[in-house]
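Text of the file query-v5.cif, holding mmCIF, C-alpha atoms and all ligand atoms:
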```
data_protein
#
loop_
_atom_site.label_atom_id
_atom_site.label_comp_id
_atom_site.auth_asym_id
_atom_site.auth_seq_id
_atom_site.Cartn_x
_atom_site.Cartn_y
_atom_site.Cartn_z
CA MET A 1 11.55 -55.62 19.72
CA THR A 2 10.64 -56.01 23.35
CA GLN A 3 7.10 -57.26 23.79
CA PRO A 4 4.48 -54.70 24.85
CA ASP A 5 2.87 -55.03 28.22
CA GLN A 6 -0.15 -56.76 26.80
CA GLN A 7 -2.04 -56.54 30.04
CA ALA A 8 -1.87 -52.88 30.57
CA ASN A 9 -4.43 -50.64 29.02
CA VAL A 10 -3.53 -47.80 31.34
CA VAL A 11 -1.29 -46.01 28.91
CA PRO A 12 0.08 -42.73 30.14
CA THR A 13 2.66 -42.06 27.45
CA PRO A 14 3.64 -44.24 24.52
CA LYS A 15 7.12 -45.70 24.84
CA HIS A 16 7.62 -45.61 21.09
CA ILE A 17 6.08 -43.07 18.72
CA ALA A 18 6.48 -43.27 14.94
CA ILE A 19 5.55 -40.40 12.64
CA ILE A 20 4.93 -40.20 8.91
CA MET A 21 5.89 -36.56 8.41
CA ASP A 22 3.67 -35.63 5.49
CA GLY A 23 2.48 -32.36 3.98
CA ASN A 24 5.67 -30.36 3.42
CA GLY A 25 5.00 -29.82 -0.28
CA ARG A 26 1.40 -28.73 0.22
CA TRP A 27 2.46 -26.39 3.02
CA ALA A 28 4.86 -24.62 0.67
CA GLU A 29 2.49 -24.59 -2.29
CA ALA A 30 -0.24 -23.03 -0.13
CA GLN A 31 2.10 -20.09 0.36
CA GLY A 32 3.10 -19.85 -3.27
CA GLN A 33 6.58 -21.18 -2.52
CA PRO A 34 8.48 -24.04 -4.16
CA ARG A 35 7.94 -27.44 -2.50
CA VAL A 36 11.50 -27.55 -1.23
CA MET A 37 10.73 -24.65 1.13
CA GLY A 38 8.28 -26.97 2.84
CA HIS A 39 11.04 -29.51 3.47
CA ARG A 40 13.22 -26.78 4.93
CA ALA A 41 10.38 -25.61 7.19
CA GLY A 42 9.78 -29.23 8.24
CA VAL A 43 13.20 -29.40 9.88
CA LYS A 44 12.01 -27.05 12.63
CA SER A 45 9.07 -29.36 13.38
CA VAL A 46 11.51 -32.26 13.65
CA ARG A 47 13.59 -30.35 16.18
CA ASP A 48 10.50 -29.35 18.20
CA VAL A 49 8.96 -32.82 18.20
CA VAL A 50 12.24 -34.44 19.25
CA ALA A 51 12.46 -32.03 22.20
CA LEU A 52 8.80 -32.58 23.16
CA CYS A 53 9.09 -36.36 23.02
CA ARG A 54 12.20 -36.19 25.15
CA GLN A 55 10.25 -34.10 27.71
CA HIS A 56 7.46 -36.68 27.68
CA GLN A 57 10.06 -39.37 28.38
CA VAL A 58 9.31 -41.25 25.20
CA GLU A 59 11.95 -43.96 24.79
CA SER A 60 11.99 -44.15 20.99
CA LEU A 61 10.86 -41.79 18.27
CA THR A 62 10.92 -42.96 14.66
CA LEU A 63 10.51 -40.40 11.89
CA PHE A 64 9.85 -41.24 8.24
CA ALA A 65 12.10 -38.85 6.32
CA PHE A 66 12.53 -40.47 2.90
CA SER A 67 10.81 -43.57 1.58
CA SER A 68 12.20 -46.10 -0.87
CA GLU A 69 9.53 -44.78 -3.26
CA ASN A 70 10.53 -41.11 -2.88
CA TRP A 71 13.40 -41.59 -5.39
CA ARG A 72 10.70 -41.33 -8.03
CA ARG A 73 10.19 -37.63 -7.30
CA PRO A 74 11.61 -34.93 -9.60
CA GLU A 75 15.41 -35.00 -9.61
CA GLY A 76 15.72 -31.50 -8.19
CA GLU A 77 13.55 -32.31 -5.20
CA VAL A 78 15.46 -35.53 -4.47
CA LYS A 79 18.77 -33.67 -4.70
CA LEU A 80 17.56 -30.99 -2.30
CA LEU A 81 16.31 -33.60 0.16
CA MET A 82 19.71 -35.34 0.12
CA ARG A 83 21.52 -32.07 0.67
CA LEU A 84 19.16 -31.11 3.48
CA PHE A 85 19.60 -34.51 5.13
CA SER A 86 23.34 -34.12 5.01
CA VAL A 87 23.31 -30.57 6.42
CA VAL A 88 20.87 -31.47 9.19
CA LEU A 89 22.93 -34.51 10.21
CA ARG A 90 26.01 -32.38 10.64
CA ARG A 91 24.26 -29.48 12.31
CA GLU A 92 21.92 -31.33 14.66
CA ALA A 93 24.19 -34.11 15.92
CA LYS A 94 25.67 -31.77 18.53
CA LEU A 95 22.24 -30.76 19.79
CA LEU A 96 21.13 -34.39 20.01
CA LYS A 97 24.25 -35.22 21.97
CA ARG A 98 23.61 -32.36 24.38
CA ASN A 99 20.07 -33.65 24.91
CA ASP A 100 21.28 -37.24 25.40
CA VAL A 101 19.50 -38.50 22.27
CA ARG A 102 20.99 -41.42 20.34
CA LEU A 103 20.57 -41.21 16.58
CA LYS A 104 19.98 -44.28 14.45
CA ILE A 105 19.31 -44.31 10.72
CA ILE A 106 17.09 -47.14 9.52
CA GLY A 107 16.73 -48.06 5.86
CA ASP A 108 18.98 -49.11 3.01
CA VAL A 109 21.84 -46.70 3.65
CA SER A 110 23.84 -48.25 0.78
CA GLY A 111 21.53 -46.36 -1.60
CA PHE A 112 23.09 -43.02 -0.59
CA ASP A 113 26.27 -41.56 -1.98
CA GLN A 114 29.51 -42.27 -0.12
CA LYS A 115 29.77 -38.82 1.44
CA LEU A 116 26.33 -39.05 2.94
CA GLN A 117 27.01 -42.57 4.18
CA VAL A 118 30.12 -41.31 6.00
CA ARG A 119 28.13 -38.47 7.53
CA ILE A 120 25.43 -40.87 8.71
CA ARG A 121 28.00 -43.12 10.38
CA GLN A 122 29.64 -40.08 11.96
CA ALA A 123 26.39 -38.71 13.41
CA GLU A 124 25.49 -42.14 14.77
CA ALA A 125 28.94 -42.54 16.31
CA ASP A 126 28.79 -39.06 17.88
CA THR A 127 25.62 -39.93 19.76
CA ALA A 128 26.24 -43.64 20.33
CA HIS A 129 26.65 -43.26 24.09
CA CYS A 130 23.43 -41.25 24.60
CA GLN A 131 20.72 -42.89 26.68
CA GLY A 132 17.86 -40.41 27.11
CA MET A 133 15.95 -41.37 23.96
CA VAL A 134 16.55 -43.04 20.61
CA LEU A 135 15.75 -41.04 17.49
CA ASN A 136 15.38 -43.32 14.48
CA ILE A 137 15.36 -41.59 11.13
CA ALA A 138 13.89 -43.77 8.40
CA ALA A 139 15.72 -42.88 5.20
CA ASN A 140 15.57 -44.90 1.98
CA TYR A 141 13.30 -46.99 4.13
CA GLY A 142 10.46 -49.27 3.10
CA GLY A 143 8.51 -51.62 5.33
CA ARG A 144 8.69 -54.33 2.69
CA TRP A 145 12.45 -53.85 2.37
CA ASP A 146 12.77 -54.34 6.14
CA VAL A 147 10.87 -57.64 6.02
CA VAL A 148 12.73 -58.89 2.94
CA ASN A 149 16.06 -57.89 4.47
CA ALA A 150 15.30 -59.93 7.60
CA ALA A 151 14.23 -62.92 5.48
CA ARG A 152 17.46 -62.74 3.50
CA LYS A 153 19.60 -62.71 6.65
CA LEU A 154 17.74 -65.70 8.02
CA ALA A 155 18.13 -67.53 4.70
CA ASP A 156 21.88 -66.89 4.88
CA LEU A 157 22.04 -68.39 8.36
CA ALA A 158 20.08 -71.42 7.17
CA VAL A 159 22.43 -71.92 4.22
CA GLN A 160 25.39 -71.74 6.60
CA GLY A 161 23.74 -74.41 8.71
CA GLU A 162 23.39 -72.17 11.75
CA ILE A 163 19.60 -72.49 11.90
CA VAL A 164 16.95 -74.79 10.45
CA PRO A 165 13.69 -73.40 9.01
CA SER A 166 11.68 -74.57 12.02
CA ASP A 167 13.82 -72.29 14.23
CA ILE A 168 12.21 -69.29 12.56
CA ASP A 169 9.43 -67.86 14.69
CA GLU A 170 8.23 -64.30 15.29
CA VAL A 171 10.82 -63.64 17.98
CA LEU A 172 13.75 -64.78 15.83
CA PHE A 173 12.44 -63.00 12.75
CA ASP A 174 12.01 -59.78 14.68
CA ARG A 175 15.66 -59.90 15.72
CA PHE A 176 16.66 -59.20 12.11
CA THR A 177 14.35 -56.23 11.56
CA SER A 178 15.31 -52.58 11.91
CA LEU A 179 13.95 -51.73 15.34
CA SER A 180 14.53 -55.05 17.10
CA ASP A 181 16.38 -53.40 19.96
CA GLN A 182 13.50 -51.06 20.82
CA PRO A 183 10.00 -51.19 22.29
CA GLU A 184 7.10 -51.93 19.92
CA VAL A 185 5.59 -48.91 18.21
CA ASP A 186 2.71 -47.88 20.48
CA LEU A 187 1.51 -44.89 18.50
CA LEU A 188 1.78 -44.20 14.78
CA ILE A 189 0.98 -40.64 13.73
CA ARG A 190 0.55 -39.47 10.15
CA THR A 191 0.30 -35.76 9.46
CA GLY A 192 -0.96 -34.08 6.31
CA GLY A 193 -4.47 -35.51 6.27
CA GLU A 194 -3.80 -38.74 4.35
CA GLN A 195 -4.77 -42.01 5.99
CA ARG A 196 -2.32 -44.60 4.70
CA ILE A 197 0.89 -46.36 5.74
CA SER A 198 2.86 -45.68 2.53
CA ASN A 199 5.16 -48.66 3.13
CA PHE A 200 6.38 -47.41 6.53
CA LEU A 201 6.84 -49.80 9.46
CA LEU A 202 4.74 -52.79 8.39
CA TRP A 203 6.06 -55.44 10.76
CA GLN A 204 6.46 -53.08 13.69
CA CYS A 205 2.99 -51.48 13.54
CA ALA A 206 1.04 -54.72 13.91
CA TYR A 207 -0.60 -53.47 17.11
CA SER A 208 0.10 -49.74 17.07
CA GLU A 209 -2.62 -47.22 17.75
CA LEU A 210 -3.09 -44.99 14.71
CA PHE A 211 -3.60 -41.23 14.77
CA PHE A 212 -4.15 -39.10 11.68
CA SER A 213 -3.63 -35.37 11.94
CA ASP A 214 -4.78 -32.85 9.35
CA ALA A 215 -1.88 -30.58 10.27
CA LEU A 216 0.73 -30.29 7.53
CA TRP A 217 4.11 -31.33 8.93
CA PRO A 218 5.63 -27.80 9.14
CA ASP A 219 2.60 -26.79 11.26
CA PHE A 220 2.84 -29.82 13.53
CA GLY A 221 3.96 -28.81 17.02
CA GLU A 222 3.07 -29.00 20.69
CA THR A 223 -0.72 -28.66 20.31
CA ALA A 224 -1.01 -31.27 17.58
CA LEU A 225 1.29 -33.70 19.39
CA GLN A 226 -0.70 -33.27 22.59
CA GLU A 227 -3.87 -34.08 20.67
CA ALA A 228 -2.29 -37.33 19.53
CA LEU A 229 -1.09 -38.19 23.04
CA ASP A 230 -4.53 -37.45 24.52
CA SER A 231 -6.17 -39.62 21.94
CA PHE A 232 -3.68 -42.41 22.68
CA ALA A 233 -4.34 -42.15 26.41
CA SER A 234 -8.08 -42.54 25.82
CA ARG A 235 -7.75 -45.80 23.87
CA GLN A 236 -8.23 -49.25 25.29
CA ARG A 237 -5.54 -51.54 23.89
CA ARG A 238 -7.01 -55.00 23.78
CA PHE A 239 -4.43 -57.13 21.96
CA GLY A 240 -7.10 -59.60 20.93
CA LEU A 241 -8.86 -59.76 24.29
CA THR A 242 -12.40 -58.54 24.94
CA SER A 243 -13.03 -55.27 26.77
CA ALA A 244 -14.27 -57.19 29.80
CA GLN A 245 -11.12 -59.32 29.91
CA VAL A 246 -8.93 -56.25 29.77
CA ALA A 247 -10.94 -54.65 32.57
CA THR A 248 -10.44 -57.75 34.77
CA VAL A 249 -6.72 -57.65 34.23
CA GLU A 250 -6.50 -54.01 35.29
C1 LIG B 301 6.67 -35.32 3.24
O1 LIG B 301 6.07 -34.26 2.62
C2 LIG B 301 8.18 -35.29 3.08
C3 LIG B 301 8.71 -36.33 2.20
C4 LIG B 301 8.03 -37.28 1.63
C5 LIG B 301 10.13 -36.26 1.92
P1 LIG B 301 5.64 -34.30 1.10
O2 LIG B 301 6.77 -33.78 0.28
O3 LIG B 301 5.14 -35.64 0.73
O4 LIG B 301 4.45 -33.26 1.08
P2 LIG B 301 3.10 -33.36 0.25
O5 LIG B 301 2.43 -34.65 0.66
O6 LIG B 301 3.49 -33.35 -1.19
O7 LIG B 301 2.33 -32.16 0.68
C1 LIG B 302 5.47 -40.87 2.92
O1 LIG B 302 5.00 -39.71 2.34
C2 LIG B 302 6.96 -40.82 3.03
C3 LIG B 302 7.50 -39.85 3.97
C4 LIG B 302 6.82 -39.11 4.79
C5 LIG B 302 8.92 -39.76 4.00
P1 LIG B 302 4.64 -39.64 0.79
O2 LIG B 302 4.10 -38.28 0.57
O3 LIG B 302 5.80 -40.05 -0.03
O4 LIG B 302 3.50 -40.73 0.68
P2 LIG B 302 2.46 -41.00 -0.50
O5 LIG B 302 3.25 -41.20 -1.74
O6 LIG B 302 1.57 -39.81 -0.59
O7 LIG B 302 1.70 -42.21 -0.07
MG MG B 303 3.29 -36.50 0.79
#
```

Entire entry expressed as structure tokens:
Amino acid sequence: MTQPDQQANVVPTPKHIAIIMDGNGRWAEAQGQPRVMGHRAGVKSVRDVVALCRQHQVESLTLFAFSSENWRRPEGEVKLLMRLFSVVLRREAKLLKRNDVRLKIIGDVSGFDQKLQVRIRQAEADTAHCQGMVLNIAANYGGRWDVVNAARKLADLAVQGEIVPSDIDEVLFDRFTSLSDQPEVDLLIRTGGEQRISNFLLWQCAYSELFFSDALWPDFGETALQEALDSFASRQRRFGLTSAQVATVE
């Protein structure tokens, strides 16, 4: 990942926003509907938030859609989520292309069935030339998986004699993680009222500002996003320095 501007605490808009989209099930249950209706309703929030981030000239948006732990949910819910993912990929790729948004799926894609894997590759290829914003969808993603995956690749290189262990530093390690080509995550938002990371971007959120919203994901829209952006803009990012040091640098 490119290093953040560690001297700037004047932060108009985050370059990279990551969101744990939580609360779909509770949204549906509150209306006496099956949980899956919440996932369906959540797709509209995804579309809206992508458009809003694009307007705010965010460079990267990373959405947590399905965690490596979510396979443990009831079979019917997992099946529906897979089907929904597949339908959305096909349907939305055109819209992303029109809005100049490049799609990237992060996570262990090999865990999906072949048809879905083909669709993922197709949607990524369709938008590969887009430059307005990158939309990363984390699917079968786990922060620990990401770190282990990078370690394994580095171990392979060491075994092949291409690197020695002392070559491994944070910069080299980062190169083998999922979002290495993108700015650091400036702002991590979690909706749905819970305040935990749930094995999302562990390496990448080392210095992210955190914002927790009580809004359930299907209710998350312009107002809630603006609240998060306002909160972000009011923070002083110190990166280990003191307040006074940061003020001198300004
Ligand atoms: C987030 O909403 C979507 C996924 C994890 C796929 P949830 O389904 O976790 O909703 P709640 O937390 O049960 O309300
Ligand atoms: C995190 O939500 C995963 C996604 C949003 C995809 P969960 O609802 O699965 O998280 P926990 O299990 O409550 O921590
Ligand atoms: Mg949840």

### Task
Please identify every polymer residue within 9 Å of ligand LIG 301 (chain B), using only C-alpha atoms and all ligand atoms, and present the set as a PyMOL selection string.
chain A and resi 20-29+35-36+38-39+42+64-67+70+77-78+81+191-194+216-217

### Task
Choose the residue, out of A:Cys130, A:Ala123, A:Ala30, A:Ala151, that has the smallest atom-to-atom separation from Glu92 in chain A; count all atoms listed in the file.
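The shortest atom-to-atom distance to Glu92 in chain A comes from A:Ala123.
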
### Query
CA of Asp174 in chain A and CA of His16 in chain A, how far apart in Å?
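If I compute the distance from CA of His16 in chain A to CA of Asp174 in chain A, I get 16.2 Å.
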
### Task
Using all atoms listed in the file, find the one residue out of A:Val58, A:Leu179, A:Val109, A:Ala93 that sits nearest to Ala150 in chain A.
A:Leu179

### Task
Quote the spacing between CA of Phe176 in chain A and CA of Leu202 in chain A in Å to one decimal place.
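Atom-to-atom, CA of Phe176 in chain A and CA of Leu202 in chain A are spaced 14.0 Å apart.
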
### Message
Using all atoms listed in the file, which protein or nucleic acid residues come within 10 Å of Arg54 in chain A? Drop anything in the same chain fewer than 2 positions from it, and give the result as a ChimeraX atom specification.
### Response
/A:48-52,56-61,99-101,132-135

#### Entry: Which residue of A:Ile19, A:Val148, A:Met82, A:Val43 approaches ligand LIG 302 (chain B) most closely, using all atoms listed in the file
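Among the listed residues, A:Ile19 lies closest to ligand LIG 302 (chain B).
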
### Query
How many Å separate CA of Gly142 in chain A from CA of Arg83 in chain A?
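Interatomic distance, CA of Gly142 in chain A to CA of Arg83 in chain A: 20.6 Å.
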
Residues of range 168-193 of chain A within 9 Å of range 227-250 of chain A: nearest atom pair and distance (Å, one decimal) for each, counting all atoms listed in the file, sorted by chain and number, as JSON lines?
```
{"residue": "A:Asp186", "atom": "CA", "partner": "A:Phe232", "partner_atom": "CA", "distance": 8.7}
{"residue": "A:Leu187", "atom": "CA", "partner": "A:Phe232", "partner_atom": "CA", "distance": 7.1}
{"residue": "A:Ile189", "atom": "CA", "partner": "A:Ala228", "partner_atom": "CA", "distance": 7.4}
```

### Task
May I ask which of the residues A:Phe211, A:Val185, A:Phe85, A:Leu154 is the closest one to Phe112 in chain A, counting all atoms listed in the file?
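Going through A:Phe211, A:Val185, A:Phe85, A:Leu154 one by one, the smallest distance to Phe112 in chain A is for A:Phe85.
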
### Shortest interatomic distance to Gln55 in chain A - which of A:Ala224, A:Thr127, A:Ile137, A:Thr13, counting all atoms listed in the file
A:Thr13

### Selected residue, from A:Ile197, A:Leu188, A:Leu96, A:Ala206, that lies nearest to ligand MG 303 (chain B) when counting all atoms listed in the file
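Among the listed residues, A:Ile197 lies closest to ligand MG 303 (chain B).
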
### Message
Can you pull out the residues contacting Asp113 in chain A? Cut-off 12 Å, using all atoms listed in the file, and skip same-chain residues under 6 positions away; I want them as a VMD selection string.
### Response
chain A and resid 79 82 to 83 86 119 to 120 140

Please export range 223-249 of chain A as a PDB file, in the first residue's frame, restricted to N, CA, C and O atoms.
```pdb
ATOM      1  N   THR A 223     -26.915  10.455   4.677  1.00  0.00           N
ATOM      2  CA  THR A 223     -26.791  11.125   5.980  1.00  0.00           C
ATOM      3  C   THR A 223     -25.779  10.410   6.863  1.00  0.00           C
ATOM      4  O   THR A 223     -24.910  11.051   7.477  1.00  0.00           O
ATOM      5  N   ALA A 224     -25.887   9.102   6.935  1.00  0.00           N
ATOM      6  CA  ALA A 224     -24.991   8.330   7.801  1.00  0.00           C
ATOM      7  C   ALA A 224     -23.547   8.412   7.298  1.00  0.00           C
ATOM      8  O   ALA A 224     -22.608   8.528   8.096  1.00  0.00           O
ATOM      9  N   LEU A 225     -23.369   8.363   5.980  1.00  0.00           N
ATOM     10  CA  LEU A 225     -22.006   8.459   5.441  1.00  0.00           C
ATOM     11  C   LEU A 225     -21.417   9.837   5.748  1.00  0.00           C
ATOM     12  O   LEU A 225     -20.250   9.961   6.123  1.00  0.00           O
ATOM     13  N   GLN A 226     -22.252  10.857   5.598  1.00  0.00           N
ATOM     14  CA  GLN A 226     -21.771  12.220   5.868  1.00  0.00           C
ATOM     15  C   GLN A 226     -21.332  12.363   7.321  1.00  0.00           C
ATOM     16  O   GLN A 226     -20.329  13.008   7.621  1.00  0.00           O
ATOM     17  N   GLU A 227     -22.094  11.725   8.220  1.00  0.00           N
ATOM     18  CA  GLU A 227     -21.725  11.738   9.636  1.00  0.00           C
ATOM     19  C   GLU A 227     -20.320  11.151   9.829  1.00  0.00           C
ATOM     20  O   GLU A 227     -19.498  11.683  10.576  1.00  0.00           O
ATOM     21  N   ALA A 228     -20.068  10.055   9.148  1.00  0.00           N
ATOM     22  CA  ALA A 228     -18.754   9.405   9.248  1.00  0.00           C
ATOM     23  C   ALA A 228     -17.662  10.308   8.672  1.00  0.00           C
ATOM     24  O   ALA A 228     -16.583  10.445   9.261  1.00  0.00           O
ATOM     25  N   LEU A 229     -17.946  10.948   7.546  1.00  0.00           N
ATOM     26  CA  LEU A 229     -16.943  11.815   6.917  1.00  0.00           C
ATOM     27  C   LEU A 229     -16.670  13.045   7.781  1.00  0.00           C
ATOM     28  O   LEU A 229     -15.524  13.488   7.906  1.00  0.00           O
ATOM     29  N   ASP A 230     -17.731  13.581   8.403  1.00  0.00           N
ATOM     30  CA  ASP A 230     -17.551  14.747   9.279  1.00  0.00           C
ATOM     31  C   ASP A 230     -16.709  14.374  10.485  1.00  0.00           C
ATOM     32  O   ASP A 230     -15.837  15.120  10.909  1.00  0.00           O
ATOM     33  N   SER A 231     -17.002  13.205  11.029  1.00  0.00           N
ATOM     34  CA  SER A 231     -16.234  12.753  12.180  1.00  0.00           C
ATOM     35  C   SER A 231     -14.760  12.592  11.786  1.00  0.00           C
ATOM     36  O   SER A 231     -13.853  13.044  12.497  1.00  0.00           O
ATOM     37  N   PHE A 232     -14.534  11.976  10.633  1.00  0.00           N
ATOM     38  CA  PHE A 232     -13.167  11.781  10.141  1.00  0.00           C
ATOM     39  C   PHE A 232     -12.437  13.121  10.002  1.00  0.00           C
ATOM     40  O   PHE A 232     -11.287  13.274  10.424  1.00  0.00           O
ATOM     41  N   ALA A 233     -13.142  14.100   9.438  1.00  0.00           N
ATOM     42  CA  ALA A 233     -12.515  15.405   9.189  1.00  0.00           C
ATOM     43  C   ALA A 233     -12.168  16.124  10.490  1.00  0.00           C
ATOM     44  O   ALA A 233     -11.290  16.988  10.515  1.00  0.00           O
ATOM     45  N   SER A 234     -12.837  15.742  11.583  1.00  0.00           N
ATOM     46  CA  SER A 234     -12.582  16.425  12.861  1.00  0.00           C
ATOM     47  C   SER A 234     -11.452  15.765  13.659  1.00  0.00           C
ATOM     48  O   SER A 234     -11.059  16.255  14.697  1.00  0.00           O
ATOM     49  N   ARG A 235     -10.934  14.644  13.148  1.00  0.00           N
ATOM     50  CA  ARG A 235      -9.910  13.920  13.920  1.00  0.00           C
ATOM     51  C   ARG A 235      -8.517  14.508  13.652  1.00  0.00           C
ATOM     52  O   ARG A 235      -8.239  14.971  12.558  1.00  0.00           O
ATOM     53  N   GLN A 236      -7.664  14.375  14.637  1.00  0.00           N
ATOM     54  CA  GLN A 236      -6.263  14.695  14.401  1.00  0.00           C
ATOM     55  C   GLN A 236      -5.495  13.380  14.304  1.00  0.00           C
ATOM     56  O   GLN A 236      -5.418  12.619  15.272  1.00  0.00           O
ATOM     57  N   ARG A 237      -4.946  13.111  13.146  1.00  0.00           N
ATOM     58  CA  ARG A 237      -4.200  11.856  12.953  1.00  0.00           C
ATOM     59  C   ARG A 237      -2.766  12.119  13.368  1.00  0.00           C
ATOM     60  O   ARG A 237      -2.079  12.949  12.787  1.00  0.00           O
ATOM     61  N   ARG A 238      -2.316  11.379  14.363  1.00  0.00           N
ATOM     62  CA  ARG A 238      -1.011  11.712  14.937  1.00  0.00           C
ATOM     63  C   ARG A 238       0.099  10.737  14.549  1.00  0.00           C
ATOM     64  O   ARG A 238       1.263  11.067  14.637  1.00  0.00           O
ATOM     65  N   PHE A 239      -0.214   9.565  14.157  1.00  0.00           N
ATOM     66  CA  PHE A 239       0.784   8.580  13.726  1.00  0.00           C
ATOM     67  C   PHE A 239       1.954   8.491  14.699  1.00  0.00           C
ATOM     68  O   PHE A 239       3.116   8.457  14.284  1.00  0.00           O
ATOM     69  N   GLY A 240       1.649   8.494  15.965  1.00  0.00           N
ATOM     70  CA  GLY A 240       2.697   8.334  16.984  1.00  0.00           C
ATOM     71  C   GLY A 240       3.279   9.629  17.511  1.00  0.00           C
ATOM     72  O   GLY A 240       3.959   9.636  18.528  1.00  0.00           O
ATOM     73  N   LEU A 241       3.026  10.733  16.799  1.00  0.00           N
ATOM     74  CA  LEU A 241       3.568  12.020  17.248  1.00  0.00           C
ATOM     75  C   LEU A 241       2.695  12.583  18.370  1.00  0.00           C
ATOM     76  O   LEU A 241       1.620  12.058  18.663  1.00  0.00           O
ATOM     77  N   THR A 242       3.138  13.670  18.978  1.00  0.00           N
ATOM     78  CA  THR A 242       2.280  14.366  19.938  1.00  0.00           C
ATOM     79  C   THR A 242       1.438  15.389  19.166  1.00  0.00           C
ATOM     80  O   THR A 242       1.778  15.763  18.042  1.00  0.00           O
ATOM     81  N   SER A 243       0.383  15.861  19.807  1.00  0.00           N
ATOM     82  CA  SER A 243      -0.459  16.896  19.195  1.00  0.00           C
ATOM     83  C   SER A 243       0.369  18.103  18.789  1.00  0.00           C
ATOM     84  O   SER A 243       0.202  18.660  17.709  1.00  0.00           O
ATOM     85  N   ALA A 244       1.256  18.514  19.693  1.00  0.00           N
ATOM     86  CA  ALA A 244       2.070  19.712  19.434  1.00  0.00           C
ATOM     87  C   ALA A 244       2.969  19.508  18.220  1.00  0.00           C
ATOM     88  O   ALA A 244       3.104  20.385  17.378  1.00  0.00           O
ATOM     89  N   GLN A 245       3.540  18.309  18.102  1.00  0.00           N
ATOM     90  CA  GLN A 245       4.397  18.032  16.939  1.00  0.00           C
ATOM     91  C   GLN A 245       3.595  18.123  15.650  1.00  0.00           C
ATOM     92  O   GLN A 245       4.037  18.703  14.674  1.00  0.00           O
ATOM     93  N   VAL A 246       2.403  17.550  15.684  1.00  0.00           N
ATOM     94  CA  VAL A 246       1.572  17.567  14.476  1.00  0.00           C
ATOM     95  C   VAL A 246       1.234  19.009  14.105  1.00  0.00           C
ATOM     96  O   VAL A 246       1.283  19.390  12.935  1.00  0.00           O
ATOM     97  N   ALA A 247       0.934  19.813  15.124  1.00  0.00           N
ATOM     98  CA  ALA A 247       0.580  21.217  14.878  1.00  0.00           C
ATOM     99  C   ALA A 247       1.758  21.967  14.258  1.00  0.00           C
ATOM    100  O   ALA A 247       1.587  22.800  13.368  1.00  0.00           O
ATOM    101  N   THR A 248       2.981  21.647  14.645  1.00  0.00           N
ATOM    102  CA  THR A 248       4.164  22.325  14.093  1.00  0.00           C
ATOM    103  C   THR A 248       4.338  21.974  12.629  1.00  0.00           C
ATOM    104  O   THR A 248       4.737  22.803  11.824  1.00  0.00           O
ATOM    105  N   VAL A 249       4.047  20.730  12.331  1.00  0.00           N
ATOM    106  CA  VAL A 249       4.227  20.265  10.956  1.00  0.00           C
ATOM    107  C   VAL A 249       3.242  20.929  10.006  1.00  0.00           C
ATOM    108  O   VAL A 249       3.533  21.173   8.854  1.00  0.00           O
TER     109      VAL A 249
END
```
